[in-house]
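File shown here: input.cif, holding mmCIF, C-alpha atoms and all ligand atoms.
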```
data_final
loop_
_atom_site.group_PDB
_atom_site.id
_atom_site.type_symbol
_atom_site.label_atom_id
_atom_site.label_comp_id
_atom_site.auth_asym_id
_atom_site.auth_seq_id
_atom_site.Cartn_x
_atom_site.Cartn_y
_atom_site.Cartn_z
ATOM 1 C CA MET A 113 -80.654 -38.616 -4.829
ATOM 2 C CA ALA A 114 -83.387 -36.845 -2.922
ATOM 3 C CA GLU A 115 -86.548 -36.147 -4.813
ATOM 4 C CA PHE A 116 -88.156 -32.754 -4.683
ATOM 5 C CA SER A 117 -91.683 -31.612 -5.187
ATOM 6 C CA TRP A 118 -92.004 -28.124 -6.596
ATOM 7 C CA ALA A 119 -95.760 -27.744 -6.383
ATOM 8 C CA PRO A 120 -96.361 -24.006 -5.934
ATOM 9 C CA ARG A 121 -98.470 -23.001 -2.923
ATOM 10 C CA SER A 122 -99.813 -19.706 -1.710
ATOM 11 C CA SER A 123 -97.950 -17.920 1.095
ATOM 12 C CA LEU A 124 -101.323 -17.764 2.847
ATOM 13 C CA GLU A 125 -101.951 -21.503 2.481
ATOM 14 C CA LYS A 126 -101.901 -21.972 6.267
ATOM 15 C CA ALA A 127 -102.931 -18.521 7.513
ATOM 16 C CA LEU A 128 -106.052 -18.304 5.378
ATOM 17 C CA VAL A 129 -108.993 -20.160 6.911
ATOM 18 C CA ALA A 130 -112.043 -19.799 4.697
ATOM 19 C CA GLY A 131 -115.296 -18.889 6.415
ATOM 20 C CA ALA A 132 -116.482 -16.397 8.981
ATOM 21 C CA HIS A 133 -114.096 -14.448 11.227
ATOM 22 C CA GLY A 134 -114.582 -11.891 13.987
ATOM 23 C CA ALA A 135 -117.862 -10.502 15.238
ATOM 24 C CA ARG A 136 -120.758 -12.967 15.310
ATOM 25 C CA GLY A 137 -124.427 -12.422 14.697
ATOM 26 C CA ILE A 138 -124.047 -9.581 12.192
ATOM 27 C CA GLU A 139 -123.797 -9.576 8.424
ATOM 28 C CA ALA A 140 -120.168 -9.654 7.243
ATOM 29 C CA GLY A 141 -119.033 -6.060 6.675
ATOM 30 C CA VAL A 142 -115.789 -7.053 4.984
ATOM 31 C CA SER A 143 -114.962 -9.677 2.368
ATOM 32 C CA LEU A 144 -111.307 -10.706 2.238
ATOM 33 C CA THR A 145 -110.409 -12.837 -0.762
ATOM 34 C CA GLU A 146 -106.988 -14.075 -1.731
ATOM 35 C CA ILE A 147 -106.651 -14.466 -5.487
ATOM 36 C CA ARG A 148 -104.386 -17.335 -6.425
ATOM 37 C CA ASN A 149 -102.512 -18.498 -9.506
ATOM 38 C CA PHE A 150 -102.006 -15.252 -11.385
ATOM 39 C CA ASP A 151 -99.262 -14.097 -13.725
ATOM 40 C CA LEU A 152 -97.513 -10.915 -12.612
ATOM 41 C CA ILE A 153 -94.695 -9.335 -14.598
ATOM 42 C CA GLN A 154 -92.838 -6.218 -13.470
ATOM 43 C CA VAL A 155 -91.888 -4.013 -16.429
ATOM 44 C CA MET A 156 -89.326 -1.223 -15.938
ATOM 45 C CA ALA A 157 -88.298 1.077 -18.779
ATOM 46 C CA ARG A 158 -84.611 1.126 -19.620
ATOM 47 C CA ARG A 159 -82.747 4.427 -19.387
ATOM 48 C CA GLY A 160 -84.148 6.858 -21.931
ATOM 49 C CA LYS A 161 -86.647 4.291 -23.255
ATOM 50 C CA GLY A 162 -89.851 5.481 -21.586
ATOM 51 C CA ALA A 163 -91.521 6.642 -24.797
ATOM 52 C CA GLU A 164 -90.425 3.533 -26.688
ATOM 53 C CA LEU A 165 -91.875 1.298 -23.951
ATOM 54 C CA ALA A 166 -95.185 3.171 -24.084
ATOM 55 C CA LYS A 167 -95.305 2.512 -27.827
ATOM 56 C CA ALA A 168 -94.445 -1.191 -27.500
ATOM 57 C CA THR A 169 -97.050 -1.555 -24.731
ATOM 58 C CA LYS A 170 -99.689 0.122 -26.884
ATOM 59 C CA ALA A 171 -98.878 -2.277 -29.724
ATOM 60 C CA ARG A 172 -99.225 -5.274 -27.396
ATOM 61 C CA PHE A 173 -102.195 -4.254 -25.222
ATOM 62 C CA GLY A 174 -103.964 -1.546 -27.206
ATOM 63 C CA VAL A 175 -103.406 0.977 -24.392
ATOM 64 C CA VAL A 176 -100.431 2.996 -23.201
ATOM 65 C CA PRO A 177 -99.136 2.039 -19.737
ATOM 66 C CA PRO A 178 -100.192 4.270 -16.829
ATOM 67 C CA ASP A 179 -97.740 7.182 -16.310
ATOM 68 C CA ALA A 180 -99.399 8.166 -13.010
ATOM 69 C CA PRO A 181 -100.739 6.089 -10.097
ATOM 70 C CA LYS A 182 -103.508 4.303 -11.990
ATOM 71 C CA ALA A 183 -104.544 0.821 -13.044
ATOM 72 C CA VAL A 184 -105.542 0.375 -16.676
ATOM 73 C CA GLN A 185 -107.846 -2.482 -17.602
ATOM 74 C CA THR A 186 -107.523 -4.292 -20.946
ATOM 75 C CA PRO A 187 -109.726 -7.236 -22.000
ATOM 76 C CA ASP A 188 -107.278 -9.781 -20.567
ATOM 77 C CA ALA A 189 -104.818 -7.891 -18.334
ATOM 78 C CA THR A 190 -104.484 -5.095 -15.792
ATOM 79 C CA LEU A 191 -101.552 -2.678 -16.117
ATOM 80 C CA ILE A 192 -100.799 -1.229 -12.682
ATOM 81 C CA TRP A 193 -98.483 1.725 -12.070
ATOM 82 C CA SER A 194 -95.749 0.831 -9.559
ATOM 83 C CA GLY A 195 -93.425 3.842 -9.799
ATOM 84 C CA PRO A 196 -92.010 6.253 -12.379
ATOM 85 C CA ASP A 197 -91.544 4.449 -15.705
ATOM 86 C CA GLN A 198 -92.553 1.067 -14.322
ATOM 87 C CA PHE A 199 -95.709 -0.999 -14.086
ATOM 88 C CA PHE A 200 -97.055 -4.475 -13.412
ATOM 89 C CA VAL A 201 -98.853 -6.666 -15.918
ATOM 90 C CA LEU A 202 -101.389 -8.767 -14.019
ATOM 91 C CA SER A 203 -103.234 -11.518 -15.864
ATOM 92 C CA LYS A 204 -104.534 -15.067 -15.647
ATOM 93 C CA GLY A 205 -104.239 -18.266 -17.617
ATOM 94 C CA GLY A 206 -100.769 -17.795 -19.092
ATOM 95 C CA LYS A 207 -101.798 -15.042 -21.526
ATOM 96 C CA HIS A 208 -99.054 -12.606 -20.503
ATOM 97 C CA THR A 209 -96.054 -14.431 -19.075
ATOM 98 C CA MET A 210 -92.308 -13.787 -19.374
ATOM 99 C CA LEU A 211 -92.356 -16.115 -22.349
ATOM 100 C CA THR A 212 -94.869 -14.072 -24.305
ATOM 101 C CA LEU A 213 -94.104 -10.565 -22.974
ATOM 102 C CA ALA A 214 -90.315 -10.591 -23.249
ATOM 103 C CA PRO A 215 -90.231 -10.639 -27.068
ATOM 104 C CA ALA A 216 -92.641 -7.685 -27.155
ATOM 105 C CA LEU A 217 -91.201 -5.479 -24.402
ATOM 106 C CA SER A 218 -87.646 -6.487 -23.499
ATOM 107 C CA GLY A 219 -86.149 -4.060 -26.028
ATOM 108 C CA PRO A 220 -87.162 -0.894 -24.170
ATOM 109 C CA ALA A 221 -87.707 -2.508 -20.735
ATOM 110 C CA SER A 222 -86.391 -4.907 -18.118
ATOM 111 C CA LEU A 223 -88.895 -7.599 -17.208
ATOM 112 C CA SER A 224 -89.038 -9.591 -14.021
ATOM 113 C CA ASP A 225 -91.467 -12.375 -13.120
ATOM 114 C CA GLN A 226 -93.171 -11.604 -9.789
ATOM 115 C CA SER A 227 -95.960 -14.216 -10.080
ATOM 116 C CA HIS A 228 -94.757 -16.117 -7.005
ATOM 117 C CA ALA A 229 -93.202 -13.104 -5.264
ATOM 118 C CA ARG A 230 -96.449 -11.305 -4.455
ATOM 119 C CA VAL A 231 -99.733 -12.207 -2.828
ATOM 120 C CA LEU A 232 -102.916 -10.666 -4.208
ATOM 121 C CA ILE A 233 -105.661 -9.797 -1.749
ATOM 122 C CA SER A 234 -109.033 -8.298 -2.605
ATOM 123 C CA ILE A 235 -110.955 -6.330 0.049
ATOM 124 C CA SER A 236 -114.560 -5.296 -0.372
ATOM 125 C CA GLY A 237 -117.784 -4.896 1.553
ATOM 126 C CA ALA A 238 -119.673 -2.127 3.318
ATOM 127 C CA LYS A 239 -116.868 -1.735 5.903
ATOM 128 C CA ALA A 240 -113.900 -2.170 3.542
ATOM 129 C CA ARG A 241 -112.976 1.536 3.589
ATOM 130 C CA THR A 242 -113.311 1.768 7.372
ATOM 131 C CA THR A 243 -111.049 -1.266 7.728
ATOM 132 C CA LEU A 244 -108.436 0.086 5.338
ATOM 133 C CA ALA A 245 -108.543 3.488 7.039
ATOM 134 C CA LYS A 246 -107.000 1.797 10.090
ATOM 135 C CA LEU A 247 -104.065 0.589 8.003
ATOM 136 C CA SER A 248 -103.513 3.160 5.289
ATOM 137 C CA SER A 249 -103.116 6.929 5.122
ATOM 138 C CA ILE A 250 -104.458 7.046 1.555
ATOM 139 C CA ASP A 251 -107.816 8.769 1.106
ATOM 140 C CA LEU A 252 -109.997 5.959 -0.257
ATOM 141 C CA TYR A 253 -113.204 7.985 -0.393
ATOM 142 C CA ALA A 254 -114.982 7.306 -3.702
ATOM 143 C CA GLY A 255 -114.340 10.819 -5.026
ATOM 144 C CA ALA A 256 -110.643 10.768 -4.136
ATOM 145 C CA PHE A 257 -109.939 7.168 -5.145
ATOM 146 C CA PRO A 258 -112.202 6.267 -8.077
ATOM 147 C CA ILE A 259 -112.208 3.005 -10.026
ATOM 148 C CA GLY A 260 -108.787 2.670 -11.657
ATOM 149 C CA ALA A 261 -106.964 4.752 -9.028
ATOM 150 C CA ALA A 262 -103.755 3.156 -7.706
ATOM 151 C CA ALA A 263 -101.098 3.849 -5.090
ATOM 152 C CA ALA A 264 -97.659 2.551 -4.233
ATOM 153 C CA THR A 265 -97.827 2.919 -0.479
ATOM 154 C CA SER A 266 -97.262 1.254 2.878
ATOM 155 C CA MET A 267 -99.610 -0.508 5.271
ATOM 156 C CA ASP A 268 -98.371 -1.508 8.696
ATOM 157 C CA HIS A 269 -94.809 -0.609 7.548
ATOM 158 C CA THR A 270 -95.158 -3.017 4.616
ATOM 159 C CA SER A 271 -94.901 -1.873 0.998
ATOM 160 C CA VAL A 272 -98.036 -2.581 -0.997
ATOM 161 C CA THR A 273 -99.452 -1.801 -4.399
ATOM 162 C CA LEU A 274 -103.069 -0.809 -3.941
ATOM 163 C CA TRP A 275 -105.683 -0.136 -6.610
ATOM 164 C CA ARG A 276 -109.424 0.072 -6.949
ATOM 165 C CA GLY A 277 -110.954 -2.518 -9.277
ATOM 166 C CA GLY A 278 -114.423 -2.564 -10.774
ATOM 167 C CA ASP A 279 -117.305 -2.474 -8.273
ATOM 168 C CA ARG A 280 -118.985 -5.648 -7.053
ATOM 169 C CA PRO A 281 -122.384 -6.568 -8.532
ATOM 170 C CA ASP A 282 -123.949 -4.949 -5.428
ATOM 171 C CA GLU A 283 -122.072 -1.713 -6.336
ATOM 172 C CA LEU A 284 -119.697 -1.853 -3.373
ATOM 173 C CA ALA A 285 -116.085 -0.833 -4.030
ATOM 174 C CA VAL A 286 -113.332 -3.437 -4.445
ATOM 175 C CA PHE A 287 -109.761 -2.702 -3.347
ATOM 176 C CA ASN A 288 -106.955 -4.921 -4.614
ATOM 177 C CA LEU A 289 -103.638 -5.182 -2.899
ATOM 178 C CA LEU A 290 -100.327 -6.748 -3.923
ATOM 179 C CA VAL A 291 -97.923 -7.450 -1.089
ATOM 180 C CA PHE A 292 -94.515 -9.154 -1.004
ATOM 181 C CA ALA A 293 -95.112 -12.883 -0.447
ATOM 182 C CA THR A 294 -92.920 -13.058 2.656
ATOM 183 C CA PHE A 295 -94.816 -10.153 4.266
ATOM 184 C CA ALA A 296 -98.253 -11.418 3.263
ATOM 185 C CA GLU A 297 -98.989 -13.500 6.340
ATOM 186 C CA SER A 298 -98.104 -10.640 8.680
ATOM 187 C CA LEU A 299 -100.274 -8.160 6.778
ATOM 188 C CA TRP A 300 -103.067 -10.738 6.510
ATOM 189 C CA HIS A 301 -103.252 -11.073 10.297
ATOM 190 C CA THR A 302 -103.178 -7.290 10.686
ATOM 191 C CA MET A 303 -106.044 -6.971 8.213
ATOM 192 C CA LEU A 304 -108.047 -9.664 9.995
ATOM 193 C CA ASP A 305 -107.578 -7.826 13.301
ATOM 194 C CA ALA A 306 -108.627 -4.530 11.715
ATOM 195 C CA ALA A 307 -111.738 -6.083 10.161
ATOM 196 C CA ALA A 308 -112.777 -8.416 13.001
ATOM 197 C CA GLU A 309 -115.213 -5.971 14.626
ATOM 198 C CA PHE A 310 -117.162 -5.731 11.344
ATOM 199 C CA SER A 311 -117.325 -9.523 10.806
ATOM 200 C CA VAL A 312 -115.245 -10.915 7.943
ATOM 201 C CA ASP A 313 -116.055 -13.331 5.165
ATOM 202 C CA ILE A 314 -112.765 -15.046 4.223
ATOM 203 C CA SER A 315 -112.229 -16.917 0.984
ATOM 204 C CA HIS A 316 -109.778 -17.609 -1.800
ATOM 205 C CA SER A 317 -110.477 -17.548 -5.480
ATOM 206 C CA GLU A 318 -108.912 -18.287 -8.834
ATOM 207 C CA GLU A 319 -110.721 -15.354 -10.464
ATOM 208 C CA LEU A 320 -109.330 -11.823 -10.784
ATOM 209 C CA ALA A 321 -111.736 -9.255 -9.376
ATOM 210 C CA MET B 189 -94.495 16.075 8.547
ATOM 211 C CA ARG B 190 -95.702 15.192 5.074
ATOM 212 C CA ILE B 191 -93.879 15.192 1.765
ATOM 213 C CA VAL B 192 -95.569 15.667 -1.587
ATOM 214 C CA CYS B 193 -93.884 13.070 -3.780
ATOM 215 C CA PRO B 194 -93.878 14.318 -7.389
ATOM 216 C CA PHE B 195 -94.876 10.813 -8.482
ATOM 217 C CA CYS B 196 -97.282 9.679 -5.728
ATOM 218 C CA GLY B 197 -98.732 12.817 -4.166
ATOM 219 C CA GLU B 198 -98.852 13.780 -0.498
ATOM 220 C CA ARG B 199 -97.623 11.073 1.882
ATOM 221 C CA GLU B 200 -96.807 10.718 5.566
ATOM 222 C CA LEU B 201 -93.223 10.823 6.801
ATOM 223 C CA GLY B 202 -93.219 7.080 7.627
ATOM 224 C CA GLU B 203 -93.032 6.212 3.931
ATOM 225 C CA PHE B 204 -89.769 8.135 3.504
ATOM 226 C CA THR B 205 -86.175 7.679 4.585
ATOM 227 C CA TYR B 206 -83.766 10.580 5.057
ATOM 228 C CA LEU B 207 -80.357 10.319 3.443
ATOM 229 C CA GLY B 208 -78.841 13.722 4.150
ATOM 230 C CA ASP B 209 -77.590 16.983 2.712
ATOM 231 C CA ALA B 210 -78.027 17.188 -1.049
ATOM 232 C CA LYS B 211 -75.496 19.964 -1.450
ATOM 233 C CA PRO B 212 -72.083 18.237 -1.300
ATOM 234 C CA MET B 213 -70.873 17.280 -4.770
ATOM 235 C CA ARG B 214 -68.442 14.404 -5.233
ATOM 236 C CA PRO B 215 -65.009 15.921 -5.983
ATOM 237 C CA VAL B 216 -63.461 15.212 -9.367
ATOM 238 C CA ALA B 217 -60.944 12.372 -9.612
ATOM 239 C CA GLY B 218 -57.557 13.562 -8.383
ATOM 240 C CA ALA B 219 -59.044 16.203 -6.077
ATOM 241 C CA SER B 220 -56.984 17.208 -3.054
ATOM 242 C CA GLU B 221 -57.272 15.380 0.268
ATOM 243 C CA ASP B 222 -58.864 18.481 1.815
ATOM 244 C CA GLU B 223 -61.615 18.551 -0.788
ATOM 245 C CA VAL B 224 -62.358 14.849 -0.267
ATOM 246 C CA PHE B 225 -62.316 15.291 3.526
ATOM 247 C CA ASP B 226 -64.794 18.146 3.145
ATOM 248 C CA TYR B 227 -67.064 16.078 0.935
ATOM 249 C CA VAL B 228 -67.056 13.014 3.193
ATOM 250 C CA TYR B 229 -67.127 14.578 6.664
ATOM 251 C CA LEU B 230 -68.008 18.237 6.797
ATOM 252 C CA ARG B 231 -71.625 19.348 6.888
ATOM 253 C CA ASP B 232 -73.183 22.743 7.494
ATOM 254 C CA ASN B 233 -75.643 22.894 10.374
ATOM 255 C CA VAL B 234 -78.037 25.247 8.659
ATOM 256 C CA ALA B 235 -80.720 27.181 10.514
ATOM 257 C CA GLY B 236 -83.037 27.874 7.611
ATOM 258 C CA GLU B 237 -83.501 26.466 4.142
ATOM 259 C CA THR B 238 -81.648 23.247 3.283
ATOM 260 C CA SER B 239 -81.620 20.866 0.373
ATOM 261 C CA GLU B 240 -81.930 17.189 1.323
ATOM 262 C CA TYR B 241 -82.218 13.750 -0.245
ATOM 263 C CA TRP B 242 -85.225 11.665 0.761
ATOM 264 C CA TYR B 243 -86.109 8.165 -0.434
ATOM 265 C CA HIS B 244 -89.735 7.188 -1.000
ATOM 266 C CA GLY B 245 -89.051 3.557 -0.033
ATOM 267 C CA GLY B 246 -92.555 2.961 1.297
ATOM 268 C CA GLY B 247 -94.037 4.121 -2.004
ATOM 269 C CA CYS B 248 -92.676 4.500 -5.528
ATOM 270 C CA ARG B 249 -89.029 3.942 -4.480
ATOM 271 C CA ALA B 250 -87.846 7.148 -6.137
ATOM 272 C CA TRP B 251 -85.127 9.424 -4.727
ATOM 273 C CA LEU B 252 -86.304 12.954 -4.095
ATOM 274 C CA LYS B 253 -84.609 16.298 -3.528
ATOM 275 C CA VAL B 254 -86.481 18.245 -0.870
ATOM 276 C CA THR B 255 -86.011 21.909 0.052
ATOM 277 C CA ARG B 256 -86.900 22.210 3.728
ATOM 278 C CA ASN B 257 -86.621 24.941 6.328
ATOM 279 C CA THR B 258 -84.984 23.486 9.462
ATOM 280 C CA LEU B 259 -86.531 26.206 11.642
ATOM 281 C CA THR B 260 -90.154 25.738 10.555
ATOM 282 C CA HIS B 261 -90.056 22.318 8.799
ATOM 283 C CA GLU B 262 -91.794 24.037 5.919
ATOM 284 C CA ILE B 263 -91.113 22.250 2.638
ATOM 285 C CA SER B 264 -90.907 24.673 -0.267
ATOM 286 C CA SER B 265 -90.106 22.261 -3.072
ATOM 287 C CA VAL B 266 -89.841 18.545 -3.847
ATOM 288 C CA GLU B 267 -88.382 17.314 -7.084
ATOM 289 C CA ALA B 268 -87.162 14.011 -8.462
ATOM 290 C CA ALA B 269 -83.449 13.538 -7.755
ATOM 291 C CA ALA B 270 -81.188 13.067 -10.760
ATOM 292 C CA GLY B 271 -81.716 9.524 -11.999
ATOM 293 C CA ALA B 272 -85.277 9.137 -10.723
ATOM 294 C CA GLY B 273 -87.529 8.381 -13.656
ATOM 295 C CA ALA B 274 -84.369 7.587 -15.593
ATOM 296 C CA ALA B 275 -86.365 6.243 -18.497
ATOM 297 C CA LYS B 276 -87.167 9.835 -19.509
ATOM 298 C CA VAL B 277 -83.495 10.831 -19.695
ATOM 299 C CA GLY B 278 -82.713 11.633 -23.285
ATOM 300 C CA ALA B 279 -86.241 10.783 -24.370
HETATM 301 ZN ZN ZN C 1 -93.381 8.391 -4.505
#
```
Show me, as structure tokens, the structure contained in the file I just sent.
Ligand SMILES: [Zn+2]
Amino acid sequence: MAEFSWAPRSSLEKALVAGAHGARGIEAGVSLTEIRNFDLIQVMARRGKGAELAKATKARFGVVPPDAPKAVQTPDATLIWSGPDQFFVLSKGGKHTMLTLAPALSGPASLSDQSHARVLISISGAKARTTLAKLSSIDLYAGAFPIGAAAATSMDHTSVTLWRGGDRPDELAVFNLLVFATFAESLWHTMLDAAAEFSVDISHSEELA
Amino acid sequence: MRIVCPFCGERELGEFTYLGDAKPMRPVAGASEDEVFDYVYLRDNVAGETSEYWYHGGGCRAWLKVTRNTLTHEISSVEAAAGAGAAKVGA
């Protein structure tokens, strides 16, 4: 019998080449970081169970889930709005997996593991907004899209979940983006093209921004 | 054209897909052949205000009911279609 290896790999394993990309001789205006090995659970309220799910989520995380396009930060997870009565639970290190979340939330909600179905990309730097403005019609100006703002939207005809995380230590904004794994490589190349003129610093990380 | 999704806010047309007239109601079981024919095939070609189903597939994936004027493209109302945000039904 054939033997299989099921070692999980990122969809950007080949496309992502760490280091400098694009314009030379200037300071990198955009940092593109793929965040790997996260746990991502989609939670969707069952019919008529929206209020009950909010209660169960509060009991588990200490906060109610976002009921508008927002991302809510808890000490060890981010709850990201993904549509009416549904949200993602993003975390690291096996703290909130199907195994641990299902007993708490599966009464009022359907849960679905998306950990290997999405790619998580973090975009920051002085030219991050200018880069994203080429790809997105969302107003990402600081006043219109503050920390914790989120959007279910499209970039380059590809559905993405976009939200603003906490600022970098140098106070520049950080935009996080979840994209379907099979579309990730296409969007990655589009983002590299959009950012090339500003010089890009490419990396991957195991840490959530 | 832009549509103000009640869940997401104002978005460009490219995020939405048009389904069609929101007016026809599925006939009750046992309805006459004429009524079913009407429901399946016949549409009014309205010059003025119409009610339409749009799908926010490039966003929150909710179905919306949009009131739009076919002469001016002015959108006077957008609401969640029945079933969108189903978790609030009966809550
Ligand atoms: Zn929407």
*Please, which residues of chain A lie no more than 10 Å from chain B when the count uses all atoms listed in the file, and can they be set out as a VMD selection string?*
chain A and resid 156 to 165 179 to 181 193 to 198 220 to 221 249 to 250 262 to 267 269 to 273
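Applied to the file shown here, the PyMOL selection byres (((chain A and resi 308) around 10) and not hetatm) selects the residues A:Ala132, A:His133, A:Gly134, A:Ala135, A:Arg136, A:Ala140, A:Gly141, A:Val142, A:Thr243, A:Thr302, A:Met303, A:Leu304, A:Asp305, A:Ala306, A:Ala307, A:Glu309, A:Phe310, A:Ser311, A:Val312, A:Asp313.
Across the model, the gap from atom CA of B:Ser264 to atom CA of B:Arg190 is 11.9 Å.
Taking atom CA of A:His228 and atom CA of A:Val129 as the two end points, the separation is 20.3 Å.
With distances restricted to all atoms listed in the file, B:Leu201 is the closest residue to ligand ZN 1 (chain C) from B:Ala210, B:Leu259, B:Met189, B:Leu201.
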*If the PyMOL selection byres (((chain B and resi 207) around 6) and not hetatm) is run on the structure shown, which residues does it catch, given as a ChimeraX atom specification?*
/B:206,208,241-242
Can I get the selection written as an mmCIF file, keeping the file's coordinate frame, with C-alpha atoms?
```
data_model
loop_
_atom_site.group_PDB
_atom_site.id
_atom_site.type_symbol
_atom_site.label_atom_id
_atom_site.label_comp_id
_atom_site.auth_asym_id
_atom_site.auth_seq_id
_atom_site.Cartn_x
_atom_site.Cartn_y
_atom_site.Cartn_z
ATOM 1 C CA TYR B 206 -83.766 10.580 5.057
ATOM 2 C CA GLY B 208 -78.841 13.722 4.150
ATOM 3 C CA TYR B 241 -82.218 13.750 -0.245
ATOM 4 C CA TRP B 242 -85.225 11.665 0.761
#
```
*Between atom CA of A:Lys207 and atom CA of A:Asn149, distance in Å (one decimal)*: 12.5 Å
*Which one is closest to ligand ZN 1 (chain C): B:Leu230, B:Lys253, B:Lys211, B:Gly236? Count all atoms listed in the file.*
B:Lys253
*Written as number ranges by chain, what is the full residue list that the PyMOL selection byres (((chain A and resi 315) around 7) and not hetatm) yields on the file shown?*
A: 130-131, 144-146, 313-314, 316-317
*Using all atoms listed in the file, collect all residues at a distance of at most 10 Å from (-106.7, -0.6, -15.4) as written in the file, then present them as a PyMOL selection string.*
chain A and resi 175+177-178+182-187+189-193+201-202+259-262+275-278
Include C-alpha atoms and write out the residues we just selected as a CSV table (one decimal), in the frame of the given file.
```csv
chain,number,residue,atom,x,y,z
A,175,VAL,CA,-103.4,1.0,-24.4
A,177,PRO,CA,-99.1,2.0,-19.7
A,178,PRO,CA,-100.2,4.3,-16.8
A,182,LYS,CA,-103.5,4.3,-12.0
A,183,ALA,CA,-104.5,0.8,-13.0
A,184,VAL,CA,-105.5,0.4,-16.7
A,185,GLN,CA,-107.8,-2.5,-17.6
A,186,THR,CA,-107.5,-4.3,-20.9
A,187,PRO,CA,-109.7,-7.2,-22.0
A,189,ALA,CA,-104.8,-7.9,-18.3
A,190,THR,CA,-104.5,-5.1,-15.8
A,191,LEU,CA,-101.6,-2.7,-16.1
A,192,ILE,CA,-100.8,-1.2,-12.7
A,193,TRP,CA,-98.5,1.7,-12.1
A,201,VAL,CA,-98.9,-6.7,-15.9
A,202,LEU,CA,-101.4,-8.8,-14.0
A,259,ILE,CA,-112.2,3.0,-10.0
A,260,GLY,CA,-108.8,2.7,-11.7
A,261,ALA,CA,-107.0,4.8,-9.0
A,262,ALA,CA,-103.8,3.2,-7.7
A,275,TRP,CA,-105.7,-0.1,-6.6
A,276,ARG,CA,-109.4,0.1,-6.9
A,277,GLY,CA,-111.0,-2.5,-9.3
A,278,GLY,CA,-114.4,-2.6,-10.8
```
